[in-house]
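K.L.:
For reference, the file data33.pdb (PDB, C-alpha atoms) is included below:
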ATOM      1  CA  MET A   5      77.368  32.918  37.846
ATOM      2  CA  ASN A   6      73.995  33.995  39.137
ATOM      3  CA  GLU A   7      70.819  34.706  37.201
ATOM      4  CA  ILE A   8      71.205  38.489  37.286
ATOM      5  CA  ARG A   9      74.709  38.324  35.793
ATOM      6  CA  VAL A  10      73.513  36.026  32.978
ATOM      7  CA  LEU A  11      70.658  38.406  32.192
ATOM      8  CA  GLN A  12      73.089  41.329  32.102
ATOM      9  CA  TRP A  13      75.384  39.494  29.688
ATOM     10  CA  LEU A  14      72.431  38.629  27.455
ATOM     11  CA  GLY A  15      71.388  42.278  27.711
ATOM     12  CA  MET A  16      74.837  43.167  26.374
ATOM     13  CA  VAL A  17      74.194  40.819  23.436
ATOM     14  CA  CYS A  18      70.969  42.781  22.797
ATOM     15  CA  LEU A  19      72.853  46.053  22.938
ATOM     16  CA  LEU A  20      75.510  44.810  20.490
ATOM     17  CA  ALA A  21      72.811  43.431  18.199
ATOM     18  CA  GLY A  22      71.165  46.849  18.119
ATOM     19  CA  LEU A  23      74.447  48.589  17.326
ATOM     20  CA  ALA A  24      75.083  46.147  14.477
ATOM     21  CA  ARG A  25      71.557  46.706  13.118
ATOM     22  CA  MET A  26      72.026  50.476  13.348
ATOM     23  CA  GLY A  27      75.205  50.069  11.283
ATOM     24  CA  MET A  28      73.080  49.040   8.321
ATOM     25  CA  THR A  29      71.729  52.563   7.827
ATOM     26  CA  PRO A  30      75.029  54.412   7.230
ATOM     27  CA  SER A  31      76.259  51.444   5.180
ATOM     28  CA  ALA A  32      73.211  51.704   2.940
ATOM     29  CA  PHE A  33      73.805  55.424   2.426
ATOM     30  CA  ILE A  34      77.540  55.057   1.778
ATOM     31  CA  TRP A  35      77.736  51.859  -0.294
ATOM     32  CA  GLY A  36      74.104  51.444  -1.362
ATOM     33  CA  THR A  37      71.219  49.192  -0.440
ATOM     34  CA  ASP A  38      72.077  45.474  -0.402
ATOM     35  CA  SER A  39      75.806  46.216  -0.557
ATOM     36  CA  PRO A  40      78.084  43.580   0.993
ATOM     37  CA  GLN A  41      78.848  45.985   3.856
ATOM     38  CA  GLU A  42      75.187  46.550   4.694
ATOM     39  CA  LEU A  43      74.395  42.852   4.409
ATOM     40  CA  ALA A  44      77.341  41.983   6.698
ATOM     41  CA  PHE A  45      76.005  44.350   9.373
ATOM     42  CA  GLY A  46      72.571  42.783   8.928
ATOM     43  CA  LEU A  47      73.977  39.260   9.193
ATOM     44  CA  VAL A  48      75.806  39.989  12.455
ATOM     45  CA  ALA A  49      72.780  41.826  13.845
ATOM     46  CA  SER A  50      70.389  38.996  12.981
ATOM     47  CA  ILE A  51      72.640  36.372  14.591
ATOM     48  CA  LEU A  52      72.927  38.427  17.776
ATOM     49  CA  MET A  53      69.201  39.262  17.777
ATOM     50  CA  SER A  54      68.336  35.568  17.470
ATOM     51  CA  VAL A  55      70.095  34.982  20.769
ATOM     52  CA  GLY A  56      69.393  38.324  22.446
ATOM     53  CA  THR A  57      65.631  38.262  21.956
ATOM     54  CA  ILE A  58      65.348  35.495  24.531
ATOM     55  CA  VAL A  59      66.514  37.841  27.309
ATOM     56  CA  LEU A  60      63.741  40.273  26.410
ATOM     57  CA  TYR A  61      61.300  37.537  27.318
ATOM     58  CA  LEU A  62      63.238  36.312  30.372
ATOM     59  CA  VAL A  63      63.197  39.666  32.182
ATOM     60  CA  GLN A  64      59.425  39.897  31.864
ATOM     61  CA  SER A  65      58.454  36.223  31.702
ATOM     62  CA  ARG A  66      56.106  36.361  34.700
ATOM     63  CA  GLU A  67      54.180  39.254  33.204
ATOM     64  CA  THR A  68      54.025  38.126  29.561
ATOM     65  CA  GLY A  69      53.516  34.395  30.104
ATOM     66  CA  ARG A  70      53.252  31.898  27.275
ATOM     67  CA  ILE A  71      52.286  34.473  24.704
ATOM     68  CA  GLY A  72      55.500  36.350  25.445
ATOM     69  CA  LEU A  73      57.481  33.153  24.956
ATOM     70  CA  VAL A  74      55.755  32.410  21.654
ATOM     71  CA  THR A  75      56.384  35.923  20.338
ATOM     72  CA  ALA A  76      60.029  35.886  21.466
ATOM     73  CA  LEU A  77      60.513  32.554  19.695
ATOM     74  CA  ALA A  78      58.744  33.905  16.591
ATOM     75  CA  ILE A  79      61.064  36.924  16.533
ATOM     76  CA  SER A  80      64.086  34.646  16.982
ATOM     77  CA  LEU A  81      62.918  32.366  14.155
ATOM     78  CA  GLY A  82      62.343  35.408  11.959
ATOM     79  CA  ASN A  83      65.901  36.514  12.652
ATOM     80  CA  ILE A  84      67.213  33.021  11.877
ATOM     81  CA  ALA A  85      65.360  33.121   8.542
ATOM     82  CA  THR A  86      66.917  36.538   7.929
ATOM     83  CA  VAL A  87      70.365  35.069   8.629
ATOM     84  CA  CYS A  88      69.725  32.362   6.022
ATOM     85  CA  MET A  89      68.602  34.868   3.411
ATOM     86  CA  LEU A  90      71.446  37.306   4.098
ATOM     87  CA  TRP A  91      74.068  34.551   4.016
ATOM     88  CA  SER A  92      72.689  33.257   0.715
ATOM     89  CA  THR A  93      72.668  36.758  -0.734
ATOM     90  CA  LEU A  94      76.234  37.427   0.422
ATOM     91  CA  GLN A  95      77.357  34.163  -1.189
ATOM     92  CA  GLY A  96      75.638  35.098  -4.450
ATOM     93  CA  ALA A  97      73.165  32.225  -4.272
ATOM     94  CA  ILE A  98      70.143  34.549  -4.292
ATOM     95  CA  PRO A  99      70.201  37.609  -6.526
ATOM     96  CA  THR A 100      68.583  40.501  -4.664
ATOM     97  CA  GLU A 101      66.039  41.074  -7.452
ATOM     98  CA  GLU A 102      64.791  37.480  -7.567
ATOM     99  CA  THR A 103      61.307  36.913  -6.202
ATOM    100  CA  GLY A 104      60.610  33.239  -7.013
ATOM    101  CA  GLY A 105      61.338  29.876  -5.520
ATOM    102  CA  VAL A 106      59.469  27.932  -2.872
ATOM    103  CA  ALA A 107      62.283  28.077  -0.296
ATOM    104  CA  LEU A 108      62.692  31.817  -0.766
ATOM    105  CA  ILE A 109      58.958  32.408  -0.434
ATOM    106  CA  ALA A 110      58.831  30.256   2.718
ATOM    107  CA  LEU A 111      61.745  32.189   4.263
ATOM    108  CA  ARG A 112      60.117  35.512   3.451
ATOM    109  CA  MET A 113      56.824  34.375   4.991
ATOM    110  CA  LEU A 114      58.652  33.217   8.132
ATOM    111  CA  MET A 115      60.397  36.587   8.315
ATOM    112  CA  LEU A 116      57.138  38.491   7.803
ATOM    113  CA  ILE A 117      55.212  36.515  10.401
ATOM    114  CA  GLY A 118      58.040  36.179  12.892
ATOM    115  CA  LEU A 119      59.466  39.654  12.774
ATOM    116  CA  THR A 120      56.522  41.884  11.969
ATOM    117  CA  ILE A 121      53.641  40.222  13.772
ATOM    118  CA  GLY A 122      55.889  38.957  16.575
ATOM    119  CA  THR A 123      57.291  42.445  17.143
ATOM    120  CA  VAL A 124      53.862  44.075  17.228
ATOM    121  CA  VAL A 125      52.513  41.552  19.745
ATOM    122  CA  PHE A 126      55.737  41.692  21.788
ATOM    123  CA  ALA A 127      55.560  45.504  21.925
ATOM    124  CA  ILE A 128      51.997  45.321  23.255
ATOM    125  CA  LEU A 129      53.000  42.701  25.836
ATOM    126  CA  THR A 130      55.996  44.804  26.883
ATOM    127  CA  TYR A 131      53.734  47.814  27.373
ATOM    128  CA  ARG A 132      51.305  45.798  29.498
ATOM    129  CA  ALA A 133      54.065  44.086  31.525
ATOM    130  CA  ARG A 134      55.475  47.404  32.779
ATOM    131  CA  VAL A 135      58.907  45.879  33.385
ATOM    132  CA  PHE A 136      60.859  48.000  30.908
ATOM    133  CA  PRO A 137      60.836  51.794  31.254
ATOM    134  CA  ARG A 138      58.193  53.564  29.159
ATOM    135  CA  TRP A 139      60.829  55.077  26.863
ATOM    136  CA  VAL A 140      61.649  51.536  25.667
ATOM    137  CA  VAL A 141      58.014  51.079  24.664
ATOM    138  CA  ALA A 142      58.221  54.449  22.871
ATOM    139  CA  LEU A 143      61.228  53.105  20.934
ATOM    140  CA  PHE A 144      59.114  50.099  19.909
ATOM    141  CA  ALA A 145      56.418  52.468  18.633
ATOM    142  CA  LEU A 146      59.003  54.548  16.787
ATOM    143  CA  MET A 147      60.428  51.415  15.175
ATOM    144  CA  LEU A 148      56.996  50.230  14.063
ATOM    145  CA  LEU A 149      56.187  53.670  12.650
ATOM    146  CA  SER A 150      59.489  53.751  10.776
ATOM    147  CA  MET A 151      58.402  50.638   8.875
ATOM    148  CA  VAL A 152      55.892  52.687   6.921
ATOM    149  CA  LEU A 153      58.024  55.737   6.132
ATOM    150  CA  PRO A 154      57.433  56.729   2.500
ATOM    151  CA  ILE A 155      61.150  56.628   1.644
ATOM    152  CA  GLU A 156      62.666  54.587  -1.151
ATOM    153  CA  ASP A 157      64.311  51.427   0.270
ATOM    154  CA  ASN A 158      63.423  52.698   3.798
ATOM    155  CA  LYS A 159      67.042  52.833   4.919
ATOM    156  CA  TYR A 160      66.032  54.363   8.265
ATOM    157  CA  MET A 161      64.055  51.359   9.483
ATOM    158  CA  ALA A 162      67.225  49.439  10.432
ATOM    159  CA  PHE A 163      68.393  52.395  12.516
ATOM    160  CA  PHE A 164      65.192  52.547  14.572
ATOM    161  CA  TRP A 165      65.056  48.751  14.887
ATOM    162  CA  GLY A 166      68.604  48.756  16.219
ATOM    163  CA  LEU A 167      67.876  51.691  18.509
ATOM    164  CA  THR A 168      65.074  49.680  20.116
ATOM    165  CA  TYR A 169      67.420  46.791  20.865
ATOM    166  CA  VAL A 170      70.087  49.181  22.167
ATOM    167  CA  GLY A 171      67.500  50.713  24.514
ATOM    168  CA  MET A 172      66.312  47.352  25.801
ATOM    169  CA  GLY A 173      69.864  46.063  26.199
ATOM    170  CA  TYR A 174      70.838  49.227  28.050
ATOM    171  CA  ALA A 175      67.863  48.913  30.401
ATOM    172  CA  ILE A 176      68.767  45.299  31.177
ATOM    173  CA  CYS A 177      72.522  45.909  31.627
ATOM    174  CA  THR A 178      72.087  48.917  33.887
ATOM    175  CA  GLY A 179      69.211  47.468  35.913
ATOM    176  CA  LYS A 180      66.670  50.088  34.823
ATOM    177  CA  LEU A 181      63.893  47.490  35.009
ATOM    178  CA  GLN A 182      61.009  47.665  37.446
ATOM    179  CA  ARG A 183      62.575  45.880  40.409
ATOM    180  CA  SER A 184      59.333  45.406  42.316
ATOM    181  CA  LYS A 185      58.030  43.062  39.634
ATOM    182  CA  GLN A 186      61.235  41.201  38.882
ATOM    183  CA  GLY A 187      62.979  41.137  42.206
ATOM    184  CA  LEU A 188      66.258  41.989  40.465
ATOM    185  CA  ALA A 189      68.874  43.586  42.665
TER     186      ALA A 189
END
If you took the structure in this file and wrote it as structure tokens, what would it be?

P.N.:
Amino acid sequence: MNEIRVLQWLGMVCLLAGLARMGMTPSAFIWGTDSPQELAFGLVASILMSVGTIVLYLVQSRETGRIGLVTALAISLGNIATVCMLWSTLQGAIPTEETGGVALIALRMLMLIGLTIGTVVFAILTYRARVFPRWVVALFALMLLSMVLPIEDNKYMAFFWGLTYVGMGYAICTGKLQRSKQGLA
């Protein structure tokens, strides 16, 4: 299996991760925020995003360099921390209202740093790398703007986050990347 085929398969993982993340929004509206259905979609999405984020770095590794690798790893670690929290919540170990505990605080900090700051830096690096189409960068901007929507529980954020991963996965799977920079056939 050659490098291009591996990247396409990992792009499919990204696409599936985005679809799973997008599934959180209708689940939150139908069964409520932090319902088992919404958390299950989030768990699957976070597992797939932990793996799929690496391909986002691989397709633009020459252009983003070490900083791109660090941000991709930070996003993956943030997703792994999210998996831990979601699994604990689904098992009833962490009530959703609880705010204390050293381990819980550490996981939340890892999620905040890894996902939020990592995503912002990765979006800037993606814009500067010019490997993905510009509409993918616009999806990143839309996702970051959706974080601050003045809506209770911000149920739409998961939709836009997932849409970004679907867009990036689609661009990788279909070869819509800038070929001159990557040399991808």

K.L.:
For Met28 (chain A), which of A:Ile176, A:Val48, A:Leu181, A:Leu108 is the closest residue, counting all atoms listed in the file?

P.N.:
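The answer is A:Val48, which sits nearest to Met28 (chain A).
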
K.L.:
Output as a tab-separated table one row per residue of region 47-138 of chain A within 12 Å of region 5-10 of chain A: the closest atom pair and its distance in Å to one decimal place, counting all atoms listed in the file, sorted by chain and residue number ascending.

P.N.:
residue	atom	partner	partner_atom	distance
A:Gly56	CA	A:Val10	CA	11.5
A:Ile58	CA	A:Val10	CA	11.8
A:Val59	CA	A:Val10	CA	9.2
A:Leu62	CA	A:Glu7	CA	10.3
A:Val63	CA	A:Ile8	CA	9.6

K.L.:
When the PyMOL selection byres ((chain A and resi 88) around 12) is applied to the structure above, which residues does it catch, written out as a PyMOL selection string?

P.N.:
chain A and resi 43+46-48+50-51+54+81-87+89-95+97-98+107-108+110-112+114-115

K.L.:
Which neighbours of Leu52 (chain A) fall inside 8 Å, counting only C-alpha atoms, when residues of the same chain fewer than 6 positions from it are skipped, and could you give them as an MDAnalysis selection string?

P.N.:
chainID A and resid 17:18 20:21

K.L.:
Suppose you want the space between CA of Leu167 (chain A) and CA of Arg66 (chain A); what is it in Å?

P.N.:
25.2 Å

K.L.:
Using all atoms listed in the file, find the one residue out of A:Tyr160, A:Phe33, A:Trp165, A:Phe144 that sits nearest to Ile128 (chain A).

P.N.:
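Once distances to Ile128 (chain A) are computed over all atoms listed in the file, the minimum belongs to A:Phe144.
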
K.L.:
Do you know which residues are at most 9 Å from Glu42 (chain A) counting only C-alpha atoms, after dropping those on the same chain fewer than 6 positions away, and could you put them as a count of residues only?

P.N.:
8

K.L.:
Measuring atom to atom with all atoms listed in the file, identify which of A:Leu60, A:Leu149, A:Ile34, A:Val124 is nearest to Gln12 (chain A).

P.N.:
A:Leu60

K.L.:
So what do you get for CA of Asn158 (chain A) versus CA of Asp38 (chain A), distance-wise?

P.N.:
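Those two atoms sit 12.0 Å apart.
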
K.L.:
Compile the contact shell of Phe164 (chain A) as an MDAnalysis selection string: residues with an atom at most 8 Å away, counting all atoms listed in the file, same-chain residues fewer than 6 positions apart removed.

P.N.:
chainID A and resid 26 143 146:147 150

K.L.:
For Ala175 (chain A), which of A:Leu148, A:Leu73, A:Val141, A:Ala162 is the closest residue, counting all atoms listed in the file?

P.N.:
A:Val141

K.L.:
When the PyMOL selection byres ((chain A and resi 134-136) around 12) is applied to the structure above, which residues does it catch, written out as number ranges by chain?

P.N.:
A: 60-68, 127-133, 137-144, 168, 171-188
